[in-house]
>>> print(open('query.cif').read())   # mmCIF, C-alpha atoms
data_data
loop_
_atom_site.label_atom_id
_atom_site.label_comp_id
_atom_site.auth_asym_id
_atom_site.auth_seq_id
_atom_site.Cartn_x
_atom_site.Cartn_y
_atom_site.Cartn_z
CA MET K 109 117.02 130.07 96.72
CA TRP K 110 114.88 132.64 94.96
CA ILE K 111 116.25 133.95 91.67
CA PRO K 112 115.08 137.43 90.61
CA ILE K 113 114.08 136.80 87.02
CA GLN K 114 111.43 138.91 85.38
CA ILE K 115 109.62 137.39 82.43
CA ASN K 116 108.04 139.66 79.88
CA GLU K 117 105.14 137.71 78.45
CA ASN K 118 104.56 140.19 75.69
CA SER K 119 108.08 139.99 74.39
CA ALA K 120 108.71 138.22 71.12
CA GLU K 121 111.90 136.86 72.70
CA PRO K 122 111.47 133.13 73.42
CA LEU K 123 110.97 132.29 77.10
CA TYR K 124 114.09 130.15 77.43
CA HIS K 125 116.16 132.95 75.93
CA GLN K 126 114.80 135.53 78.37
CA ILE K 127 115.54 133.26 81.32
CA GLU K 128 118.97 132.30 80.04
CA THR K 129 120.06 135.89 79.37
CA GLN K 130 118.94 137.06 82.80
CA LEU K 131 120.40 134.12 84.69
CA ARG K 132 123.72 134.56 82.89
CA ALA K 133 123.71 138.26 83.78
CA LEU K 134 122.97 137.49 87.45
CA ILE K 135 125.88 135.05 87.57
CA ILE K 136 128.41 137.19 85.73
CA SER K 137 127.53 140.35 87.61
CA GLY K 138 128.08 138.44 90.86
CA VAL K 139 124.51 138.82 92.19
CA ILE K 140 124.45 135.03 92.43
CA THR K 141 127.82 133.97 93.76
CA GLU K 142 130.03 131.00 93.05
CA GLY K 143 128.94 127.83 94.80
CA THR K 144 125.27 128.85 95.08
CA LEU K 145 122.89 125.92 94.78
CA LEU K 146 120.22 126.81 92.20
CA PRO K 147 116.60 125.63 92.58
CA SER K 148 115.76 122.21 91.18
CA ILE K 149 114.42 122.21 87.64
CA ARG K 150 110.82 121.59 88.82
CA GLU K 151 111.01 124.28 91.52
CA PHE K 152 112.43 126.88 89.18
CA ALA K 153 109.85 126.03 86.52
CA GLY K 154 107.18 126.48 89.20
CA ASP K 155 108.52 129.90 90.23
CA LEU K 156 108.56 131.06 86.62
CA ASN K 157 105.38 129.28 85.51
CA CYS K 158 107.24 127.70 82.66
CA SER K 159 107.84 124.07 81.74
CA VAL K 160 110.68 121.95 83.06
CA ILE K 161 111.79 121.53 79.47
CA THR K 162 112.63 125.24 79.26
CA VAL K 163 114.54 125.31 82.56
CA ARG K 164 116.44 122.16 81.65
CA ARG K 165 117.51 123.75 78.38
CA VAL K 166 118.73 126.89 80.20
CA TYR K 167 120.72 124.86 82.75
CA GLN K 168 122.24 122.74 79.97
CA ASP K 169 123.26 125.79 77.93
CA LEU K 170 124.87 127.55 80.89
CA GLU K 171 126.57 124.31 81.89
CA GLY K 172 127.97 124.18 78.38
CA GLU K 173 129.33 127.69 78.88
CA GLY K 174 130.98 126.56 82.12
CA MET K 175 128.88 128.79 84.34
CA LEU K 176 126.98 126.01 86.03
CA ARG K 177 127.82 122.49 87.04
CA THR K 178 125.52 119.70 88.04
CA ARG K 179 126.38 117.16 90.70
CA GLN K 180 124.33 113.98 90.45
CA GLY K 181 121.85 113.80 93.27
CA THR K 182 122.75 117.17 94.76
CA GLY K 183 121.76 119.72 92.18
CA THR K 184 123.02 122.51 89.99
CA PHE K 185 125.61 124.96 91.31
CA VAL K 186 127.14 128.19 90.08
CA SER K 187 130.75 127.68 88.94
CA HIS K 188 133.65 130.07 89.04
CA VAL K 189 133.31 132.97 86.63
CA GLY K 190 136.63 134.39 85.46
CA ASP K 191 137.47 138.10 85.80
CA GLY K 192 137.89 138.25 82.03
CA ALA K 193 134.30 137.15 81.51
CA ARG K 194 133.08 139.66 84.08
CA GLU K 195 134.93 142.56 82.40
CA GLY K 196 133.70 141.45 78.99
CA TYR K 197 130.15 141.29 80.26
CA LYS K 198 130.35 144.76 81.80
CA ARG K 199 131.55 146.19 78.53
CA ASP K 200 128.86 144.38 76.55
CA ALA K 201 126.06 145.52 78.83
CA VAL K 202 127.15 149.18 78.72
CA THR K 203 127.71 149.07 74.95
CA LYS K 204 124.25 147.64 74.40
CA ALA K 205 122.57 150.28 76.55
CA LEU K 206 124.43 153.10 74.84
CA GLU K 207 123.61 151.71 71.42
CA SER K 208 119.91 151.76 72.13
CA ALA K 209 120.23 155.35 73.38
CA VAL K 210 121.98 156.34 70.16
CA ASN K 211 119.24 154.60 68.15
CA ILE K 212 116.64 156.77 69.86
CA ALA K 213 118.71 159.89 69.17
CA GLN K 214 118.89 158.97 65.49
CA SER K 215 115.18 158.27 65.30
CA VAL K 216 114.43 161.81 66.52
CA HIS K 217 117.16 163.24 64.23
CA SER K 218 119.54 164.50 66.88
CA SER K 219 122.85 165.63 65.42
CA GLU K 220 126.08 163.99 66.49
CA GLU K 221 127.12 167.14 68.25
CA GLU K 222 123.86 167.44 70.14
CA LEU K 223 124.13 163.84 71.28
CA ARG K 224 127.69 164.23 72.53
CA GLU K 225 126.61 167.32 74.46
CA ILE K 226 123.73 165.49 76.12
CA PHE K 227 125.93 162.52 76.91
CA GLN K 228 128.63 164.72 78.44
CA GLU K 229 126.08 166.51 80.55
CA ILE K 230 124.61 163.27 81.91
CA VAL K 231 128.03 161.80 82.69
CA GLU K 232 129.10 164.90 84.57
CA ARG K 233 125.89 165.14 86.54
CA LYS K 234 125.75 161.45 87.48
CA TYR K 235 129.39 161.09 88.49
CA LYS K 236 129.25 164.30 90.52
CA GLU K 237 126.23 162.90 92.42
CA GLN K 238 128.22 159.81 93.27
CA GLN K 239 131.15 161.67 94.84
CA MET V 283 116.35 109.81 75.32
CA VAL V 284 113.20 110.39 77.36
CA GLN V 285 111.32 107.29 78.49
CA MET V 286 107.62 107.28 77.68
CA ALA V 287 105.11 106.81 80.49
CA ILE V 288 102.31 106.22 78.00
CA GLU V 289 102.15 105.55 74.32
CA LEU V 290 99.01 105.16 72.24
CA ARG V 291 99.16 103.65 68.77
CA ASN V 292 96.10 103.98 66.56
CA VAL V 293 93.81 103.63 69.54
CA ARG V 294 90.13 103.71 68.69
CA LYS V 295 87.13 103.61 70.98
CA GLN V 296 83.51 103.58 69.95
CA ARG V 297 81.25 105.62 72.21
CA ARG V 298 77.49 105.68 72.00
CA THR V 299 77.29 108.64 69.68
CA LYS V 300 80.84 109.13 68.46
CA THR V 301 84.20 107.58 67.80
CA ILE V 302 87.31 108.52 69.74
CA GLY V 303 90.50 108.19 67.75
CA PRO V 304 92.51 106.93 66.06
CA LEU V 305 94.75 108.34 68.79
CA ASN V 306 98.51 108.42 68.46
CA LEU V 307 100.23 109.91 71.43
CA LYS V 308 103.40 109.69 73.50
CA LEU V 309 103.50 111.09 77.02
CA PRO V 310 107.01 111.44 78.45
CA GLU V 311 107.80 110.22 81.96
CA GLY V 312 108.65 112.77 84.62
CA HIS V 313 106.49 115.46 83.08
CA ILE V 314 103.06 116.99 83.50
CA THR V 315 100.88 116.75 80.43
CA ALA V 316 97.64 118.70 80.27
CA LEU V 317 94.78 117.39 78.16
CA VAL V 318 92.73 120.30 76.93
CA GLY V 319 89.68 120.45 74.72
CA GLN V 320 85.97 121.11 74.79
CA ASN V 321 83.41 118.95 76.61
CA GLY V 322 83.02 115.65 74.85
CA SER V 323 86.34 115.85 73.04
CA GLY V 324 87.40 112.48 74.51
CA LYS V 325 89.65 113.51 77.39
CA SER V 326 87.89 111.46 80.07
CA THR V 327 87.63 108.43 77.80
CA LEU V 328 91.36 108.66 77.17
CA LEU V 329 92.13 108.80 80.91
CA GLN V 330 89.85 105.81 81.57
CA MET V 331 91.65 103.79 78.91
CA LEU V 332 94.93 104.47 80.70
CA LEU V 333 93.49 102.58 83.70
CA GLN V 334 91.74 99.97 81.60
CA LEU V 335 88.37 101.14 82.90
CA ASN V 336 87.65 101.30 79.21
CA HIS V 337 89.18 99.10 76.56
CA PRO V 338 89.86 100.34 73.06
CA GLU V 339 88.41 98.33 70.17
CA GLN V 340 91.53 98.90 68.14
CA GLY V 341 95.13 99.90 68.62
CA GLN V 342 97.67 99.41 71.38
CA ILE V 343 98.44 101.18 74.60
CA TYR V 344 101.90 100.97 76.19
CA TRP V 345 102.57 101.70 79.86
CA PHE V 346 106.21 102.56 80.56
CA GLU V 347 107.04 101.05 77.18
CA SER V 348 105.32 97.70 77.78
CA MET V 349 102.00 96.52 76.42
CA TYR V 350 99.40 94.72 78.55
CA ALA V 351 96.51 93.76 76.33
CA ASP V 352 94.51 91.68 78.85
CA ARG V 353 95.09 93.21 82.20
CA LEU V 354 97.52 95.57 83.85
CA PRO V 355 99.79 93.68 86.25
CA VAL V 356 98.88 94.39 89.87
CA GLU V 357 102.33 95.82 90.68
CA LEU V 358 101.86 98.42 87.93
CA ARG V 359 98.22 99.08 88.78
CA GLN V 360 99.30 99.85 92.34
CA ARG V 361 101.50 102.64 91.03
CA ILE V 362 98.74 104.36 89.07
CA THR V 363 96.15 106.52 90.83
CA TYR V 364 93.19 108.34 89.44
CA VAL V 365 90.95 111.19 90.48
CA PRO V 366 87.80 110.68 88.40
CA GLU V 367 85.56 113.47 87.26
CA THR V 368 82.83 112.33 89.64
CA SER V 369 83.81 110.61 92.87
CA LEU V 370 82.84 106.97 93.35
CA SER V 371 79.66 106.43 95.34
CA GLU V 372 80.97 103.19 96.92
CA GLU V 373 82.94 105.11 99.54
CA LYS V 374 80.24 107.56 100.52
CA HIS V 375 79.42 105.95 103.87
CA TRP V 376 83.03 106.10 104.98
CA SER V 377 84.93 108.88 106.66
CA ALA V 378 88.20 110.05 105.11
CA GLU V 379 90.07 107.88 107.61
CA ASP V 380 88.05 104.75 106.80
CA ALA V 381 88.61 105.28 103.10
CA ALA V 382 92.32 105.86 103.68
CA ARG V 383 92.59 102.59 105.63
CA PHE V 384 90.86 100.73 102.80
CA ARG V 385 93.07 102.26 100.14
CA SER V 386 96.26 101.64 102.08
CA TYR V 387 95.44 97.94 101.81
CA TRP V 388 95.43 98.08 98.02
CA TYR V 389 98.33 100.46 97.56
CA PRO V 390 101.47 99.06 99.25
CA GLN V 391 103.31 102.37 98.84
CA TRP V 392 100.60 104.15 100.82
CA ASP V 393 102.21 106.86 102.94
CA ASN V 394 99.93 107.62 105.87
CA SER V 395 101.93 110.49 107.31
CA TYR V 396 101.90 112.13 103.88
CA PHE V 397 98.14 111.56 103.73
CA GLN V 398 97.68 113.24 107.12
CA GLU V 399 99.87 116.13 106.04
CA LEU V 400 97.80 116.64 102.88
CA ILE V 401 94.52 116.38 104.78
CA ASP V 402 95.83 119.09 107.14
CA THR V 403 97.02 121.27 104.27
CA PHE V 404 93.71 120.99 102.47
CA GLU V 405 91.71 121.25 105.72
CA VAL V 406 89.59 118.19 104.93
CA PRO V 407 87.26 117.26 107.81
CA LEU V 408 88.15 113.80 109.12
CA ASN V 409 85.05 112.89 111.08
CA ILE V 410 82.30 113.26 108.49
CA LYS V 411 81.33 110.77 105.81
CA LEU V 412 82.64 111.32 102.32
CA GLY V 413 79.09 111.38 101.00
CA LYS V 414 78.24 114.26 103.34
CA MET V 415 81.16 116.42 102.28
CA SER V 416 80.83 119.42 100.02
CA LYS V 417 82.01 118.90 96.46
CA GLY V 418 85.24 120.80 97.14
CA GLU V 419 86.00 118.89 100.35
CA ARG V 420 85.44 115.56 98.64
CA ARG V 421 87.69 116.66 95.79
CA LYS V 422 90.45 117.58 98.20
CA PHE V 423 90.16 114.20 99.86
CA GLU V 424 90.39 112.46 96.48
CA ILE V 425 93.51 114.41 95.51
CA ALA V 426 95.15 113.73 98.88
CA ALA V 427 94.33 110.00 98.67
CA ALA V 428 95.60 109.76 95.08
CA LEU V 429 98.93 111.30 96.10
CA ALA V 430 99.29 109.38 99.36
CA ALA V 431 99.46 106.16 97.34
CA ARG V 432 102.73 107.57 95.94
CA PRO V 433 101.83 106.96 92.30
CA ARG V 434 104.27 106.76 89.47
CA LEU V 435 101.47 107.81 87.15
CA LEU V 436 98.77 110.16 88.40
CA LEU V 437 95.64 110.69 86.32
CA LEU V 438 93.56 113.74 87.20
CA ASP V 439 90.22 114.39 85.55
CA GLU V 440 89.37 118.04 86.16
CA PRO V 441 90.72 117.88 89.70
CA SER V 442 89.99 121.49 90.56
CA SER V 443 86.27 121.52 89.84
CA GLY V 444 84.58 122.64 93.04
CA LEU V 445 87.76 123.95 94.69
CA ASP V 446 87.83 127.48 96.02
CA PRO V 447 90.75 129.68 94.90
CA PHE V 448 92.73 129.03 98.10
CA ALA V 449 92.36 125.27 97.87
CA TRP V 450 93.19 125.49 94.17
CA LYS V 451 96.43 127.27 94.93
CA LYS V 452 97.33 124.67 97.54
CA MET V 453 96.62 121.91 95.02
CA ILE V 454 99.00 123.47 92.50
CA GLU V 455 101.72 123.72 95.16
CA VAL V 456 101.17 120.16 96.37
CA LEU V 457 101.36 118.75 92.83
CA ARG V 458 104.51 120.71 92.07
CA ARG V 459 106.16 119.53 95.26
CA TYR V 460 105.22 115.93 94.51
CA MET V 461 106.77 116.23 91.06
CA ASN V 462 109.88 117.84 92.52
CA GLU V 463 110.42 115.01 94.96
CA ASN V 464 109.38 112.03 92.85
CA ASN V 465 110.04 110.96 89.31
CA ALA V 466 106.32 110.82 88.59
CA THR V 467 104.16 111.52 85.58
CA ILE V 468 100.91 113.47 85.72
CA VAL V 469 98.21 113.51 83.07
CA ILE V 470 95.62 116.13 83.88
CA SER V 471 92.49 117.00 81.99
CA THR V 472 91.41 120.57 82.58
CA HIS V 473 89.39 123.50 81.29
CA ILE V 474 91.25 126.04 83.34
CA VAL V 475 93.79 128.01 81.37
CA GLU V 476 95.57 129.21 84.50
CA GLU V 477 96.01 125.60 85.63
CA VAL V 478 97.71 124.73 82.36
CA ARG V 479 99.87 127.81 82.65
CA ARG V 480 101.05 126.97 86.15
CA LEU V 481 101.40 123.22 85.89
CA ALA V 482 101.86 121.81 82.43
CA ASP V 483 105.05 120.92 80.63
CA TYR V 484 103.24 119.61 77.59
CA ILE V 485 99.79 120.32 76.22
CA VAL V 486 97.76 117.78 74.29
CA PHE V 487 94.91 119.34 72.41
CA MET V 488 91.84 117.20 71.76
CA HIS V 489 88.96 118.09 69.52
CA GLN V 490 85.97 115.95 68.53
CA GLY V 491 87.60 112.69 69.54
CA GLN V 492 90.91 113.44 67.86
CA VAL V 493 94.28 114.56 69.11
CA LEU V 494 94.92 117.74 67.16
CA GLY V 495 98.46 117.88 68.42
CA MET V 496 100.89 118.06 71.26
CA ALA V 497 103.15 120.97 72.07
CA GLU V 498 105.67 121.98 74.67
CA LYS V 499 103.80 124.59 76.70
CA ASP V 500 106.40 127.34 76.50
CA SER V 501 106.64 127.00 72.75
CA LEU V 502 102.96 127.97 72.56
CA TYR V 503 103.29 131.10 74.63
CA GLY V 504 104.65 133.96 72.62
CA LEU V 505 104.10 132.03 69.42
CA TRP V 506 101.17 134.20 68.36
CA ASN V 507 100.88 137.93 68.80
CA GLU V 508 98.23 140.51 68.27
CA VAL V 509 99.84 143.60 66.76
CA TRP V 510 98.52 147.15 66.45
CA VAL V 511 99.87 149.38 63.67
CA ASN V 512 99.20 152.84 62.28
CA VAL V 513 97.19 152.53 59.08
CA SER V 514 95.36 155.49 57.59
CA ASP V 515 92.39 153.80 55.91
CA GLN V 516 90.82 150.56 54.67
CA GLU V 517 92.78 150.74 51.42
CA GLU V 518 96.13 150.94 53.17
CA LEU V 519 95.02 148.12 55.44
CA LYS V 520 94.31 145.96 52.41
CA GLU V 521 97.69 146.78 50.86
CA LEU V 522 99.56 146.08 54.06
CA SER V 523 97.81 142.78 54.73
CA ALA V 524 98.69 141.70 51.18
CA GLU V 525 102.34 142.48 51.93
CA LEU V 526 102.29 140.26 55.02
CA PRO V 527 101.15 136.78 54.03
CA GLY V 528 100.17 134.51 56.90
CA THR V 529 98.76 137.31 59.03
CA LEU V 530 95.16 136.91 60.20
CA HIS V 531 92.14 138.78 61.48
CA TRP V 532 92.90 142.25 60.12
CA THR V 533 90.55 144.81 61.62
CA MET V 534 90.37 148.58 61.74
CA ASP V 535 90.04 149.24 65.48
CA THR V 536 89.76 153.03 65.42
CA PRO V 537 90.49 155.46 62.61
CA GLY V 538 94.24 155.29 62.02
CA VAL V 539 94.79 152.08 63.99
CA ALA V 540 94.51 148.52 62.68
CA SER V 541 95.25 145.24 64.40
CA PHE V 542 96.10 141.77 63.17
CA VAL V 543 97.21 138.41 64.50
CA THR V 544 100.45 136.76 63.47
CA GLU V 545 102.63 133.79 64.26
CA HIS V 546 106.34 134.52 64.87
CA PHE V 547 105.96 138.28 65.10
CA TYR V 548 109.72 138.84 65.38
CA LYS V 549 110.19 137.44 61.90
CA ILE V 550 108.04 140.09 60.26
CA GLU V 551 108.67 143.01 62.62
CA LYS V 552 111.61 144.29 60.55
CA ARG V 553 109.60 143.94 57.37
CA ILE V 554 106.79 146.07 58.80
CA GLN V 555 109.27 148.76 59.79
CA ASN V 556 110.83 148.67 56.34
CA LEU V 557 107.39 149.29 54.87
CA GLY V 558 107.38 152.51 56.88
CA VAL V 559 104.59 151.29 59.15
CA HIS V 560 104.69 152.20 62.82
CA VAL V 561 104.00 149.39 65.30
CA ILE V 562 102.05 150.83 68.24
CA LYS V 563 102.07 147.79 70.49
CA SER V 564 101.83 144.03 70.54
CA ARG V 565 100.69 141.41 73.01
CA SER V 566 101.04 137.63 73.22
CA LEU V 567 97.87 135.66 72.66
CA GLU V 568 96.47 133.81 75.66
CA LEU V 569 96.29 130.05 75.68
CA ASP V 570 92.53 129.93 74.99
CA GLU V 571 93.03 132.17 71.96
CA ILE V 572 95.86 129.96 70.71
CA LEU V 573 93.65 126.90 71.15
CA SER V 574 90.82 128.49 69.25
CA LEU V 575 93.21 129.27 66.37
CA TRP V 576 94.27 125.65 66.61
CA THR V 577 90.70 124.43 66.07
CA GLN V 578 90.55 126.67 63.02
CA GLY V 579 93.44 124.78 61.52
CA HIS V 580 96.35 127.03 62.52
CA TYR V 581 98.61 124.40 64.01
CA PRO V 582 101.57 125.46 66.07
CA GLU V 583 104.91 123.79 65.56
CA LEU V 584 104.69 120.46 67.28
CA VAL V 585 107.21 118.91 69.58
CA ASP V 586 109.54 116.20 68.51
CA LEU V 587 110.01 113.95 71.51
CA GLU V 588 112.45 111.64 69.75
CA ARG V 589 114.96 114.44 69.70
CA GLY V 590 115.01 114.37 73.51
CA ASP V 591 115.75 117.50 75.45
#
>>> encode(input="query.cif", output="structure tokens")
Amino acid sequence: MWIPIQINENSAEPLYHQIETQLRALIISGVITEGTLLPSIREFAGDLNCSVITVRRVYQDLEGEGMLRTRQGTGTFVSHVGDGAREGYKRDAVTKALESAVNIAQSVHSSEEELREIFQEIVERKYKEQQ
Amino acid sequence: MVQMAIELRNVRKQRRTKTIGPLNLKLPEGHITALVGQNGSGKSTLLQMLLQLNHPEQGQIYWFESMYADRLPVELRQRITYVPETSLSEEKHWSAEDAARFRSYWYPQWDNSYFQELIDTFEVPLNIKLGKMSKGERRKFEIAAALAARPRLLLLDEPSSGLDPFAWKKMIEVLRRYMNENNATIVISTHIVEEVRRLADYIVFMHQGQVLGMAEKDSLYGLWNEVWVNVSDQEELKELSAELPGTLHWTMDTPGVASFVTEHFYKIEKRIQNLGVHVIKSRSLELDEILSLWTQGHYPELVDLERGD
């Protein structure tokens, strides 16, 4: 199975961390569903042009978090992700995105009021589009 | 703990004009290790010692954690295959099929259907003599024959020299698939950065007969960055570089923009911002640039195999 992970080679973030964060997000957000057989370590390393050492570390970490499980001789599968984890992840992802938006606002010296106004406007526009 | 396919302890080999070693090296089983370094740095000599085509004057070599000072046992020798830098002339009057028949006699694990599959994949002509093949065709035959013997240890000395880009890509895929399906070990000497990038798990860097170090490939990428910052003049550049010890190669690229090279950029990024300096952009150094820093004495953090994974 092909896993949509995008590596940014110019990022200062270590490779294994980039892969781990994205794979975790794909599992929690339900893009990769429970029971999915992940590629073997060598295959995945080949797809990402990274070493098997990196992929092994990612699989081990996520296994430690209970997101993956490895069956001897068969491979590594996605485990059950609880609803609690999914909700928590959603909140984290949105919080993070908003925080970086606020950082930009601060760096260009937007006032609090201005920012709230912009935010309100965007929310109204986007949610109207959806209806 | 990871089992070692190869271990070298204080191995020394006298060549006509230079000494190789003392080499101390551990190559883990189940992984692909790339030997990189300039011409004459000792890569081929090292590979030949792993087959006992060359014997070191000093030191010990261990194969799968056992030492065989006199001669490799036949059962082990049958599980090691080698693609030399220049193909042997002994087989030049044979066709690929003749040579395959001969090799299958010496390698009991020889897998003829796999050989045929590889010959098809690589589009190696079957009916012409090996000596009449183009360099690339001969190379493809050698790679196919080395794999068809189902080696536990595969030694490749610049396997891709002479291959066109399509054949090269097929070779990468074939080697990956072999590693995925077998618990094998590959030691590959290469000059091609892209080959290292696509294949290697570990990189061993050789320079003037010495091993300068061994690193996990991914730990090298992203280790060094080139960074561009806003700096008004030479004086400010000097001040800033003094504030950032360990940074290298400061240059004024255009008026107002300076660049430098640094290890662990993320560790000093905050510091640069706190100094009120604007970072315009950064990029990771390529492998060849990292290796050239390495020859200048800027060692990356080395791997600790004992720790295991």
>>> closest_atom_pairs(input="query.cif", of="chain V", to="chain K", cutoff="6 Å", atoms="all atoms listed in the file", output="Markdown table")
| residue | atom | partner | partner_atom | distance |
| --- | --- | --- | --- | --- |
| V:Asn462 | CA | K:Arg150 | CA | 5.4 |
| V:Arg480 | CA | K:Asn157 | CA | 4.9 |
| V:Asp483 | CA | K:Ser159 | CA | 4.4 |
| V:Tyr548 | CA | K:Ala120 | CA | 5.9 |
| V:Arg565 | CA | K:Asn118 | CA | 4.9 |
| V:Ser566 | CA | K:Asn118 | CA | 5.0 |
>>> resolve_selection(input="query.cif", expression="the PyMOL selection byres ((chain K and resi 178-193) around 8)", output="ChimeraX atom specification")
/K:135-136,140-148,167,171,174-177,194-197
>>> atom_distance(input="query.cif", atom1="atom CA of V:Leu530", atom2="atom CA of V:Leu502")
17.1 Å
>>> resolve_selection(input="query.cif", expression="the PyMOL selection byres ((chain V and resi 411) around 8)", output="list of chain:residue names")
V:Lys374, V:His375, V:Trp376, V:Ser377, V:Ala378, V:Asn409, V:Ile410, V:Leu412, V:Gly413, V:Lys414, V:Met415
>>> write_last_selection(input="query.cif", atoms="C-alpha atoms", output="JSON list (two decimals), in the frame of the given file")
[["chain", "number", "residue", "atom", "x", "y", "z"],
["V", 374, "LYS", "CA", 80.24, 107.56, 100.52],
["V", 375, "HIS", "CA", 79.42, 105.95, 103.87],
["V", 376, "TRP", "CA", 83.03, 106.10, 104.98],
["V", 377, "SER", "CA", 84.93, 108.88, 106.66],
["V", 378, "ALA", "CA", 88.20, 110.05, 105.11],
["V", 409, "ASN", "CA", 85.05, 112.89, 111.08],
["V", 410, "ILE", "CA", 82.30, 113.26, 108.49],
["V", 412, "LEU", "CA", 82.64, 111.32, 102.32],
["V", 413, "GLY", "CA", 79.09, 111.38, 101.00],
["V", 414, "LYS", "CA", 78.24, 114.26, 103.34],
["V", 415, "MET", "CA", 81.16, 116.42, 102.28]]
>>> resolve_selection(input="query.cif", expression="the PyMOL selection byres ((chain V and resi 321-334) around 6)", output="VMD selection string")
chain V and resid 319 to 320 335 to 337 488 to 491
>>> write_last_selection(input="query.cif", atoms="C-alpha atoms", output="compact mmCIF listing (two decimals), in the coordinates of the input")
# COMPACT_ATOMS: atom_id res chain seq x y z
CA GLY V 319 89.68 120.45 74.72
CA GLN V 320 85.97 121.11 74.79
CA LEU V 335 88.37 101.14 82.90
CA ASN V 336 87.65 101.30 79.21
CA HIS V 337 89.18 99.10 76.56
CA MET V 488 91.84 117.20 71.76
CA HIS V 489 88.96 118.09 69.52
CA GLN V 490 85.97 115.95 68.53
CA GLY V 491 87.60 112.69 69.54
>>> residues_around(input="query.cif", residues="V:Arg420", least_positions_apart="6", cutoff="12 Å", atoms="all atoms listed in the file", output="ChimeraX atom specification")
/V:365-371,373-374,376-378,381,401,404-408,410-414,426-427,441-445,449
>>> atom_distance(input="query.cif", atom1="atom CA of V:Lys451", atom2="atom CA of K:Ile127")
24.2 Å
>>> decode(input="query.cif", residues="stretch 496-507 of chain V", atoms="N, CA and C atoms", output="compact mmCIF listing (two decimals), in the first residue's frame")
# COMPACT_ATOMS: atom_id res chain seq x y z
N MET V 496 31.71 6.25 9.96
CA MET V 496 30.53 5.56 9.47
C MET V 496 29.32 6.27 10.06
N ALA V 497 28.31 6.49 9.24
CA ALA V 497 27.13 7.18 9.74
C ALA V 497 25.88 6.56 9.16
N GLU V 498 24.80 6.65 9.94
CA GLU V 498 23.50 6.26 9.43
C GLU V 498 23.14 7.31 8.38
N LYS V 499 22.69 6.88 7.21
CA LYS V 499 22.51 7.83 6.11
C LYS V 499 21.60 9.00 6.50
N ASP V 500 20.46 8.68 7.10
CA ASP V 500 19.49 9.75 7.36
C ASP V 500 19.97 10.75 8.39
N SER V 501 20.95 10.32 9.21
CA SER V 501 21.47 11.27 10.19
C SER V 501 22.37 12.29 9.51
N LEU V 502 22.86 11.95 8.30
CA LEU V 502 23.70 12.91 7.57
C LEU V 502 22.87 13.97 6.88
N TYR V 503 21.73 13.51 6.30
CA TYR V 503 20.89 14.47 5.60
C TYR V 503 20.24 15.40 6.61
N GLY V 504 20.27 16.66 6.31
CA GLY V 504 19.65 17.62 7.22
C GLY V 504 20.55 17.99 8.38
N LEU V 505 21.73 17.37 8.42
CA LEU V 505 22.65 17.68 9.52
C LEU V 505 23.29 19.04 9.31
N TRP V 506 23.62 19.33 8.05
CA TRP V 506 24.25 20.61 7.72
C TRP V 506 23.31 21.43 6.86
N ASN V 507 23.28 22.72 7.11
CA ASN V 507 22.46 23.62 6.31
C ASN V 507 23.29 24.79 5.82
